[in-house]
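target.txt (compact mmCIF, C-alpha atoms)
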```
# COMPACT_ATOMS: atom_id res chain seq x y z
CA MET R 1 -30.10 31.68 -37.03
CA ARG R 2 -27.03 29.51 -37.56
CA LYS R 3 -24.87 32.19 -35.98
CA GLY R 4 -27.14 32.30 -32.92
CA ILE R 5 -26.94 28.53 -32.48
CA LEU R 6 -23.16 28.63 -32.69
CA ILE R 7 -23.02 31.36 -30.06
CA CYS R 8 -25.25 29.32 -27.72
CA LEU R 9 -23.09 26.23 -28.19
CA PHE R 10 -19.96 28.28 -27.56
CA LEU R 11 -21.41 29.73 -24.35
CA LEU R 12 -22.44 26.26 -23.19
CA PHE R 13 -18.90 25.04 -23.87
CA ILE R 14 -17.39 27.92 -21.91
CA GLN R 15 -19.82 27.30 -19.02
CA THR R 16 -18.78 23.66 -18.91
CA LEU R 17 -15.10 24.62 -18.79
CA LEU R 18 -15.58 27.27 -16.12
CA PHE R 19 -18.02 25.59 -13.80
CA GLY R 20 -17.44 21.90 -14.47
CA GLN R 21 -21.06 21.29 -15.42
CA VAL R 22 -21.98 18.18 -17.36
CA ARG R 23 -25.17 16.75 -18.82
CA VAL R 24 -26.38 13.59 -17.10
CA THR R 25 -29.15 11.45 -18.54
CA PHE R 26 -30.79 9.06 -16.07
CA ILE R 27 -32.78 6.35 -17.82
CA THR R 28 -34.40 3.09 -16.75
CA ASP R 29 -34.07 -0.20 -18.60
CA LYS R 30 -35.87 -2.93 -16.67
CA VAL R 31 -38.32 -1.83 -13.94
CA ALA R 32 -40.07 -4.12 -11.48
CA MET R 33 -43.79 -4.29 -12.17
CA PHE R 34 -46.03 -1.80 -10.38
CA LYS R 35 -48.92 -3.21 -8.34
CA VAL R 36 -50.72 0.10 -8.78
CA SER R 37 -50.82 1.62 -12.24
CA GLY R 38 -49.79 5.19 -12.98
CA GLN R 39 -46.86 5.31 -10.56
CA SER R 40 -44.36 8.16 -10.76
CA LEU R 41 -40.64 7.70 -10.23
CA PHE R 42 -38.28 10.15 -8.53
CA LEU R 43 -34.54 10.36 -7.97
CA ALA R 44 -33.61 11.04 -4.34
CA GLY R 45 -29.98 11.70 -3.45
CA ASP R 46 -27.40 14.04 -2.05
CA PHE R 47 -28.09 16.35 -4.99
CA ASN R 48 -31.57 17.17 -3.56
CA ASN R 49 -31.18 16.49 0.16
CA TRP R 50 -32.65 13.03 -0.37
CA GLY R 51 -36.12 14.34 -1.13
CA ALA R 52 -38.18 11.25 -1.90
CA ALA R 53 -40.82 13.16 -3.87
CA ASP R 54 -38.91 16.18 -5.18
CA THR R 55 -40.82 17.25 -8.28
CA ALA R 56 -37.65 18.77 -9.75
CA TRP R 57 -36.26 15.22 -9.84
CA LYS R 58 -39.33 13.45 -11.18
CA MET R 59 -38.62 11.10 -14.09
CA HIS R 60 -40.77 11.13 -17.22
CA LEU R 61 -41.88 8.39 -19.58
CA ASP R 62 -40.39 8.47 -23.03
CA GLY R 63 -41.92 7.00 -26.18
CA ALA R 64 -40.33 3.60 -25.53
CA GLY R 65 -41.91 3.11 -22.11
CA ARG R 66 -38.74 3.98 -20.22
CA TYR R 67 -38.42 6.55 -17.44
CA GLN R 68 -35.94 9.32 -18.14
CA LEU R 69 -34.60 12.52 -16.60
CA ILE R 70 -31.91 14.84 -17.95
CA LYS R 71 -30.01 17.08 -15.51
CA THR R 72 -27.03 19.40 -15.57
CA LEU R 73 -24.74 18.65 -12.63
CA GLN R 74 -21.38 19.74 -11.34
CA LYS R 75 -18.64 17.19 -11.85
CA GLY R 76 -18.16 15.00 -8.80
CA ASN R 77 -19.43 12.07 -6.75
CA TYR R 78 -23.13 11.48 -6.08
CA SER R 79 -25.25 8.92 -4.26
CA PHE R 80 -28.94 8.34 -4.92
CA LYS R 81 -31.85 5.92 -5.03
CA ILE R 82 -35.09 5.68 -6.99
CA THR R 83 -38.44 6.01 -5.21
CA LYS R 84 -42.13 5.97 -6.05
CA GLY R 85 -42.56 9.22 -4.14
CA SER R 86 -41.88 8.02 -0.58
CA TRP R 87 -39.24 6.06 1.31
CA ASP R 88 -41.81 3.31 1.83
CA GLY R 89 -41.70 2.88 -1.93
CA VAL R 90 -37.93 2.99 -2.40
CA GLU R 91 -36.23 0.52 -4.71
CA CYS R 92 -34.88 -2.75 -3.25
CA ASP R 93 -33.69 -6.12 -4.49
CA ALA R 94 -36.03 -8.78 -5.86
CA SER R 95 -36.56 -10.32 -2.40
CA GLY R 96 -37.41 -7.00 -0.73
CA LYS R 97 -34.09 -6.45 1.03
CA ASP R 98 -32.50 -3.01 1.17
CA ILE R 99 -29.84 -2.20 -1.39
CA ALA R 100 -26.90 0.16 -1.21
CA ASN R 101 -27.14 3.66 -2.60
CA ARG R 102 -26.35 4.05 -6.27
CA ASP R 103 -22.93 5.74 -6.38
CA ILE R 104 -21.77 7.58 -9.48
CA ASN R 105 -18.76 9.65 -10.40
CA ILE R 106 -19.55 12.26 -13.05
CA SER R 107 -16.65 13.74 -15.01
CA ARG R 108 -18.24 14.25 -18.45
CA ASP R 109 -21.59 14.02 -20.20
CA THR R 110 -22.96 10.69 -19.08
CA ILE R 111 -25.91 8.33 -19.54
CA ILE R 112 -26.83 6.36 -16.40
CA VAL R 113 -28.88 3.23 -17.21
CA MET R 114 -30.71 1.74 -14.23
CA ASN R 115 -32.43 -1.58 -13.60
CA ILE R 116 -34.91 -1.73 -10.72
CA LYS R 117 -35.48 -5.21 -9.30
CA GLY R 118 -38.14 -4.46 -6.67
CA TRP R 119 -40.04 -1.95 -4.56
CA LYS R 120 -39.92 -1.95 -0.78
CA ASP R 121 -43.66 -1.48 -0.28
CA ASP R 122 -44.39 -4.62 -2.32
CA HIS R 123 -42.81 -6.80 0.36
CA PRO R 124 -43.77 -7.44 3.99
CA ALA R 125 -41.92 -5.13 6.32
CA GLU R 126 -38.98 -6.72 8.12
CA GLN R 127 -39.50 -7.07 11.85
CA LYS R 128 -37.05 -4.70 13.48
CA LYS R 129 -35.78 -5.34 17.00
CA HIS R 130 -35.11 -3.01 19.90
CA THR R 131 -31.37 -2.69 20.42
CA ALA R 132 -31.13 0.08 23.05
CA SER R 133 -29.09 -0.93 26.09
CA ALA R 134 -30.45 -0.97 29.63
CA ASN R 135 -28.83 2.43 30.23
CA VAL R 136 -31.14 4.15 27.72
CA HIS R 137 -34.44 5.60 28.97
CA ILE R 138 -37.30 7.65 27.59
CA ILE R 139 -37.84 10.89 29.53
CA SER R 140 -41.07 11.67 27.71
CA GLU R 141 -42.85 10.64 24.52
CA LYS R 142 -44.41 14.11 24.32
CA PHE R 143 -42.04 16.69 25.75
CA ASP R 144 -43.37 20.18 25.04
CA ILE R 145 -41.47 22.47 22.68
CA PRO R 146 -43.33 25.74 23.26
CA GLN R 147 -41.20 27.70 20.77
CA LEU R 148 -42.44 25.41 17.99
CA GLY R 149 -45.86 24.57 19.37
CA ARG R 150 -44.99 20.87 19.07
CA GLN R 151 -44.08 17.88 21.21
CA ARG R 152 -41.22 15.45 20.84
CA ARG R 153 -39.82 12.27 22.34
CA ILE R 154 -36.72 12.80 24.49
CA TRP R 155 -34.21 10.04 25.22
CA ILE R 156 -31.51 9.92 27.87
CA TYR R 157 -28.46 7.69 28.27
CA LEU R 158 -27.35 7.39 31.89
CA PRO R 159 -23.95 5.89 32.75
CA ALA R 160 -23.98 2.40 34.24
CA ASP R 161 -23.00 3.66 37.69
CA TYR R 162 -25.48 6.56 37.73
CA ALA R 163 -27.86 4.88 40.21
CA THR R 164 -25.11 3.80 42.61
CA SER R 165 -22.84 6.84 42.56
CA HIS R 166 -23.19 10.44 43.64
CA LYS R 167 -21.15 11.79 40.75
CA LYS R 168 -22.10 14.55 38.39
CA TYR R 169 -21.62 14.00 34.68
CA PRO R 170 -20.98 16.02 31.52
CA VAL R 171 -23.93 16.19 29.12
CA ILE R 172 -24.07 15.83 25.33
CA TYR R 173 -27.24 17.03 23.60
CA MET R 174 -27.78 15.24 20.29
CA HIS R 175 -30.31 15.62 17.49
CA ASP R 176 -32.11 12.89 15.49
CA GLY R 177 -32.79 10.94 18.67
CA GLN R 178 -34.51 8.14 16.74
CA ASN R 179 -31.19 7.16 15.22
CA LEU R 180 -28.88 7.32 18.24
CA PHE R 181 -29.61 4.25 20.37
CA ASP R 182 -32.27 1.94 18.96
CA ASP R 183 -32.40 0.23 15.59
CA TYR R 184 -36.17 -0.22 16.04
CA THR R 185 -36.81 3.53 15.80
CA SER R 186 -34.03 4.40 13.38
CA GLY R 187 -34.72 5.27 9.78
CA TYR R 188 -31.44 4.13 8.22
CA GLY R 189 -29.65 2.34 11.05
CA GLU R 190 -28.46 3.62 14.42
CA TRP R 191 -25.31 5.35 15.62
CA GLY R 192 -24.93 2.83 18.47
CA ILE R 193 -24.05 5.56 20.97
CA ASP R 194 -25.12 3.40 23.92
CA GLU R 195 -23.00 0.42 22.90
CA ILE R 196 -19.99 2.70 22.48
CA LEU R 197 -20.41 4.39 25.87
CA ASP R 198 -21.24 1.15 27.69
CA LYS R 199 -17.65 -0.01 27.08
CA LEU R 200 -15.99 3.04 28.65
CA PRO R 201 -14.42 3.15 32.11
CA ALA R 202 -16.23 4.99 34.90
CA ASN R 203 -13.98 8.03 34.71
CA GLU R 204 -14.95 8.66 31.06
CA GLU R 205 -18.73 8.54 31.38
CA SER R 206 -21.25 11.14 30.18
CA ILE R 207 -24.98 11.64 30.01
CA VAL R 208 -26.36 11.82 26.47
CA VAL R 209 -29.73 13.45 25.75
CA GLY R 210 -31.34 12.64 22.40
CA ILE R 211 -34.07 14.79 20.88
CA ASP R 212 -36.19 13.18 18.15
CA HIS R 213 -36.37 15.02 14.86
CA GLY R 214 -39.75 16.23 13.65
CA GLY R 215 -40.15 14.09 10.54
CA GLU R 216 -41.53 16.41 7.87
CA TYR R 217 -40.35 19.37 9.99
CA ARG R 218 -36.78 18.11 10.33
CA ILE R 219 -35.19 20.30 7.67
CA THR R 220 -36.84 23.53 8.76
CA GLU R 221 -36.38 22.87 12.49
CA TYR R 222 -32.67 22.28 12.01
CA ASP R 223 -32.21 25.27 9.69
CA PRO R 224 -31.87 28.79 11.17
CA TYR R 225 -32.61 30.34 7.78
CA ASP R 226 -35.42 30.22 5.24
CA SER R 227 -34.84 27.93 2.26
CA LYS R 228 -36.77 26.33 -0.56
CA TYR R 229 -37.94 23.80 2.02
CA GLY R 230 -39.74 26.43 4.12
CA LYS R 231 -39.30 28.96 6.90
CA GLY R 232 -36.29 28.18 9.05
CA ARG R 233 -37.15 27.40 12.68
CA GLY R 234 -33.63 26.71 13.88
CA ASP R 235 -33.63 29.70 16.22
CA ASP R 236 -36.76 28.37 17.93
CA TYR R 237 -35.31 24.88 18.21
CA VAL R 238 -32.01 26.06 19.72
CA ASP R 239 -33.89 28.35 22.11
CA PHE R 240 -35.82 25.29 23.28
CA LEU R 241 -32.59 23.42 23.99
CA VAL R 242 -31.20 26.28 26.04
CA ASN R 243 -34.28 27.63 27.80
CA ASN R 244 -36.38 24.51 28.31
CA LEU R 245 -34.60 21.21 27.85
CA LYS R 246 -31.25 21.98 29.51
CA PRO R 247 -32.88 23.49 32.62
CA TYR R 248 -35.07 20.39 32.91
CA ILE R 249 -32.12 18.03 32.57
CA ASP R 250 -30.01 20.01 35.05
CA LYS R 251 -32.86 20.04 37.58
CA ASN R 252 -33.73 16.35 37.37
CA TYR R 253 -30.33 14.72 36.80
CA ARG R 254 -26.88 15.03 38.31
CA THR R 255 -25.12 17.06 35.65
CA LYS R 256 -22.09 19.27 35.38
CA LYS R 257 -23.97 22.40 34.35
CA ASP R 258 -21.06 24.59 33.30
CA VAL R 259 -20.25 25.47 29.71
CA LYS R 260 -17.06 23.39 29.70
CA HIS R 261 -19.04 20.19 30.24
CA THR R 262 -22.00 20.93 27.94
CA THR R 263 -21.84 19.70 24.34
CA VAL R 264 -24.16 19.79 21.33
CA ALA R 265 -23.70 17.32 18.47
CA GLY R 266 -25.37 15.96 15.35
CA SER R 267 -24.97 15.00 11.72
CA SER R 268 -26.04 16.49 8.39
CA MET R 269 -28.81 18.98 9.26
CA GLY R 270 -27.99 18.10 12.87
CA GLY R 271 -24.39 19.15 12.20
CA LEU R 272 -25.63 22.46 10.83
CA ILE R 273 -27.82 23.22 13.85
CA SER R 274 -25.05 22.12 16.26
CA MET R 275 -22.70 24.65 14.67
CA TYR R 276 -25.37 27.32 14.91
CA ALA R 277 -26.10 26.46 18.55
CA ILE R 278 -22.50 26.94 19.74
CA LEU R 279 -22.27 30.20 17.77
CA LYS R 280 -25.50 31.59 19.19
CA TYR R 281 -25.00 30.34 22.74
CA PRO R 282 -21.22 30.09 23.36
CA ASN R 283 -21.89 30.70 27.06
CA ILE R 284 -24.06 27.54 27.20
CA PHE R 285 -22.36 25.09 24.81
CA GLY R 286 -18.63 24.83 25.24
CA ASN R 287 -18.22 22.03 22.73
CA ALA R 288 -19.80 20.89 19.47
CA GLY R 289 -19.61 17.75 17.37
CA VAL R 290 -20.24 18.84 13.77
CA PHE R 291 -20.66 15.66 11.73
CA SER R 292 -21.13 15.95 7.94
CA PRO R 293 -22.74 19.41 8.26
CA ALA R 294 -25.31 20.50 5.67
CA PHE R 295 -23.86 24.01 5.33
CA TRP R 296 -24.89 24.06 1.66
CA ILE R 297 -28.53 24.68 2.60
CA ALA R 298 -27.69 27.65 4.86
CA PRO R 299 -24.79 29.67 3.41
CA ASP R 300 -25.71 32.60 5.66
CA ILE R 301 -24.19 30.68 8.57
CA TYR R 302 -20.71 31.63 7.34
CA GLN R 303 -21.43 35.34 7.82
CA PHE R 304 -23.03 34.57 11.19
CA ALA R 305 -19.86 32.71 12.21
CA GLN R 306 -17.69 35.65 11.18
CA GLN R 307 -19.77 38.03 13.27
CA LYS R 308 -20.00 35.94 16.45
CA SER R 309 -17.46 35.77 19.24
CA LEU R 310 -16.34 32.45 20.69
CA SER R 311 -14.44 31.68 23.84
CA SER R 312 -10.80 30.80 23.25
CA ASN R 313 -11.65 27.58 25.13
CA ALA R 314 -14.38 26.57 22.66
CA HIS R 315 -13.97 23.06 21.26
CA ILE R 316 -15.50 22.18 17.87
CA TYR R 317 -14.91 18.83 16.19
CA PHE R 318 -15.46 18.80 12.41
CA VAL R 319 -15.70 15.48 10.60
CA CYS R 320 -17.06 14.17 7.30
CA GLY R 321 -16.42 11.50 4.69
CA ASP R 322 -14.51 12.27 1.53
CA ILE R 323 -17.17 10.81 -0.80
CA GLU R 324 -20.33 12.35 0.67
CA ASP R 325 -21.06 14.96 -1.98
CA LYS R 326 -19.24 17.43 -4.18
CA THR R 327 -18.98 20.31 -1.68
CA MET R 328 -19.02 18.67 1.78
CA VAL R 329 -15.26 18.76 2.44
CA ALA R 330 -14.79 22.29 1.07
CA ASP R 331 -17.83 23.63 2.96
CA MET R 332 -16.66 22.15 6.24
CA ARG R 333 -13.11 23.40 5.84
CA LYS R 334 -14.42 26.87 5.06
CA MET R 335 -16.22 26.96 8.41
CA ALA R 336 -13.20 25.56 10.25
CA ASP R 337 -11.01 28.28 8.74
CA ILE R 338 -13.45 30.97 9.93
CA ILE R 339 -13.36 29.57 13.46
CA GLN R 340 -9.58 29.22 13.50
CA ALA R 341 -9.23 32.84 12.37
CA LYS R 342 -10.80 33.83 15.70
CA GLY R 343 -7.61 32.75 17.42
CA ILE R 344 -8.81 29.40 18.74
CA ASP R 345 -6.07 26.80 19.10
CA GLU R 346 -6.13 24.42 16.13
CA ASN R 347 -6.11 21.46 18.56
CA ASN R 348 -9.52 22.66 19.74
CA ILE R 349 -10.97 22.56 16.23
CA PRO R 350 -9.79 19.37 14.53
CA THR R 351 -10.99 18.83 10.97
CA VAL R 352 -11.19 15.13 10.17
CA ILE R 353 -11.78 13.75 6.66
CA MET R 354 -12.74 10.06 6.75
CA GLN R 355 -11.38 8.28 3.69
CA GLY R 356 -13.89 6.30 1.64
CA LYS R 357 -16.81 7.18 3.94
CA LYS R 358 -20.31 8.18 2.87
CA HIS R 359 -23.16 10.18 4.39
CA ASN R 360 -24.78 7.64 6.71
CA GLU R 361 -25.14 6.32 10.25
CA GLU R 362 -22.44 3.72 9.69
CA GLN R 363 -19.91 6.48 9.10
CA TRP R 364 -21.05 8.44 12.16
CA ASN R 365 -20.82 5.31 14.30
CA LYS R 366 -17.20 4.98 13.19
CA ASP R 367 -16.55 8.70 13.79
CA PHE R 368 -18.07 8.93 17.26
CA PRO R 369 -15.38 7.15 19.37
CA ALA R 370 -12.62 9.47 18.12
CA PHE R 371 -14.84 12.50 18.69
CA TYR R 372 -15.71 11.35 22.20
CA SER R 373 -12.09 10.58 23.10
CA TRP R 374 -11.10 14.09 21.93
CA LEU R 375 -14.00 15.59 23.87
CA ILE R 376 -13.20 14.08 27.25
CA ARG R 377 -9.52 15.01 26.92
CA GLY R 378 -10.63 18.64 26.90
CA TYR R 379 -12.55 18.40 30.20
```

Reformat the file's structure so that it appears as structure tokens.
Amino acid sequence: MRKGILICLFLLFIQTLLFGQVRVTFITDKVAMFKVSGQSLFLAGDFNNWGAADTAWKMHLDGAGRYQLIKTLQKGNYSFKITKGSWDGVECDASGKDIANRDINISRDTIIVMNIKGWKDDHPAEQKKHTASANVHIISEKFDIPQLGRQRRIWIYLPADYATSHKKYPVIYMHDGQNLFDDYTSGYGEWGIDEILDKLPANEESIVVGIDHGGEYRITEYDPYDSKYGKGRGDDYVDFLVNNLKPYIDKNYRTKKDVKHTTVAGSSMGGLISMYAILKYPNIFGNAGVFSPAFWIAPDIYQFAQQKSLSSNAHIYFVCGDIEDKTMVADMRKMADIIQAKGIDENNIPTVIMQGKKHNEEQWNKDFPAFYSWLIRGY
């Protein structure tokens, strides 16, 4: 028996050395009072794709009335928050205001002690304001997506001189439309695309089309492959962009329809599906903005990228922060290396690592001007 225990401990030690795995104990100290008894607490972070009610990250009461969860994690940086099973019930400060993510750096076995001062759903919701500029319009609140059997709101940004000129414009198709232009509809803040483009001179203008994500369907709609979150519908979503939405936009607006002037862009899961879109339809999308791509959820995309041909004129902009999660930088560079091996000029596939930046809209707002400047130089 003793020998068996020693062997197990030895194997655990070797595993820790080889794979950098450490034991992390998350435990609460002081917790704001619940208004409803019997509440469950969950950890939601970049270690579980920010799942607010992920049962694998549910905390459990110990004998002292504290909530506790023990996990084995790879060494590295993590960000997370505590929820009561939904983002409406996420932790906040004592006055109900949002708090920053909890950031931790794990290098050895660690105990994380957490105090929770308040819960968001115990405070009146803050009145958000519309911030979209006058150049932003809603094409439809219920645009049909026949491939998915669903409907979605579609936004469009038209350059300031659109109504008075006869020009045609490049088009950028972007995902997570709720978060692009208007703080009122955003979940975690907006990119501010409209404010950025409003400041540009007339010779640098573009049309931007924003497609709302599908809420509970977001992960599967932006994933071409099946995962633990469900059947991937990314193929259907990209087919909609190419066969339904782009033809509609080209018919009803003055666009430059050619591949050189057609771009797809997005962040996180939106970065993943943007990469997939340019790989599947290189004759439609000549450019892609791949912001903080969630390649970890769809490792099959690497093989798909190796198999697909791209035009030597393809332009793909890779960008992420250096403190997003433990694999983000390596995953993104792996994809960039695959694309560069196809003979594409390295100037057409910049890989940008933003120092000290996290996985959020604030980062993508800071990233977008450099991406856009690079994009228009290639026209």

Please, what is the axis-aligned box for every listed atom of segment 228-231 of chain R with 5 Å on each side, as centre and edge lengths in Å to one decimal, as AutoDock Vina command-line options?
```
--center_x -38.3 --center_y 26.4 --center_z 3.2 --size_x 13.0 --size_y 15.2 --size_z 17.5
```

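Distances to Thr131 of chain R were evaluated for R:Gly65, R:Gly76, R:Gly189, R:Gly89 using all atoms listed in the file, and the minimum falls at R:Gly189.
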
Quiz item: Counting all atoms listed in the file, what is within 7 Å of segment 243-259 of chain R, bar same-chain residues fewer than 4 positions away, as a PyMOL selection string?
Solution: chain R and resi 168-171+239+283-286

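If you look at atom CA of Tyr229 of chain R and atom CA of Trp296 of chain R, they are 13.1 Å away from each other.
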
Quiz item: What's the 12 Å shell around Asp325 of chain R, counting all atoms listed in the file, without same-chain residues fewer than 3 positions away, as JSON, numbers by chain?
Solution: {"R": [45, 46, 47, 48, 49, 50, 73, 74, 75, 76, 77, 78, 79, 80, 103, 104, 105, 106, 268, 292, 293, 294, 295, 296, 320, 321, 322, 328, 329, 330, 331, 332, 356, 357, 358, 359, 360]}

Mind checking which residues fall within 10 Å of Ser140 of chain R, counting all atoms listed in the file, ignoring those fewer than 3 positions away in the same chain, and posting them as a short mmCIF file (atom, residue, chain, number, x, y, z; two decimals) with C-alpha atoms, keeping the file's coordinate frame?
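Below is the file that was written, result.cif:
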```cif
data_model
loop_
_atom_site.label_atom_id
_atom_site.label_comp_id
_atom_site.auth_asym_id
_atom_site.auth_seq_id
_atom_site.Cartn_x
_atom_site.Cartn_y
_atom_site.Cartn_z
CA HIS R 137 -34.44 5.60 28.97
CA PHE R 143 -42.04 16.69 25.75
CA ASP R 144 -43.37 20.18 25.04
CA GLN R 151 -44.08 17.88 21.21
CA ARG R 152 -41.22 15.45 20.84
CA ARG R 153 -39.82 12.27 22.34
CA ILE R 154 -36.72 12.80 24.49
CA TRP R 155 -34.21 10.04 25.22
CA ILE R 156 -31.51 9.92 27.87
#
```

Exercise. For atom CA of Gly177 of chain R and atom CA of Asp54 of chain R, determine how far apart the two atoms are, in Å to one decimal place.
Key: 25.2 Å

Write out, as JSON lines, each residue of segment 288-341 of chain R that has an atom at most 10 Å from segment 346-350 of chain R, together with the closest pair of atoms and their distance in Å to one decimal, counting all atoms listed in the file, rows going by chain and rising number.
```
{"residue": "R:Ala288", "atom": "CA", "partner": "R:Ile349", "partner_atom": "CA", "distance": 9.6}
{"residue": "R:Gly289", "atom": "CA", "partner": "R:Ile349", "partner_atom": "CA", "distance": 10.0}
{"residue": "R:Ser312", "atom": "CA", "partner": "R:Asn348", "partner_atom": "CA", "distance": 9.0}
{"residue": "R:Asn313", "atom": "CA", "partner": "R:Asn348", "partner_atom": "CA", "distance": 7.6}
{"residue": "R:Ala314", "atom": "CA", "partner": "R:Asn348", "partner_atom": "CA", "distance": 6.9}
{"residue": "R:His315", "atom": "CA", "partner": "R:Asn348", "partner_atom": "CA", "distance": 4.7}
{"residue": "R:Ile316", "atom": "CA", "partner": "R:Ile349", "partner_atom": "CA", "distance": 4.8}
{"residue": "R:Tyr317", "atom": "CA", "partner": "R:Pro350", "partner_atom": "CA", "distance": 5.4}
{"residue": "R:Phe318", "atom": "CA", "partner": "R:Pro350", "partner_atom": "CA", "distance": 6.1}
{"residue": "R:Val319", "atom": "CA", "partner": "R:Pro350", "partner_atom": "CA", "distance": 8.1}
{"residue": "R:Ala336", "atom": "CA", "partner": "R:Ile349", "partner_atom": "CA", "distance": 7.1}
{"residue": "R:Asp337", "atom": "CA", "partner": "R:Ile349", "partner_atom": "CA", "distance": 9.4}
{"residue": "R:Ile339", "atom": "CA", "partner": "R:Ile349", "partner_atom": "CA", "distance": 7.9}
{"residue": "R:Gln340", "atom": "CA", "partner": "R:Glu346", "partner_atom": "CA", "distance": 6.5}
{"residue": "R:Ala341", "atom": "CA", "partner": "R:Glu346", "partner_atom": "CA", "distance": 9.7}
```

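A straight line drawn from atom CA of Leu41 of chain R to atom CA of Val90 of chain R is 9.5 Å long.
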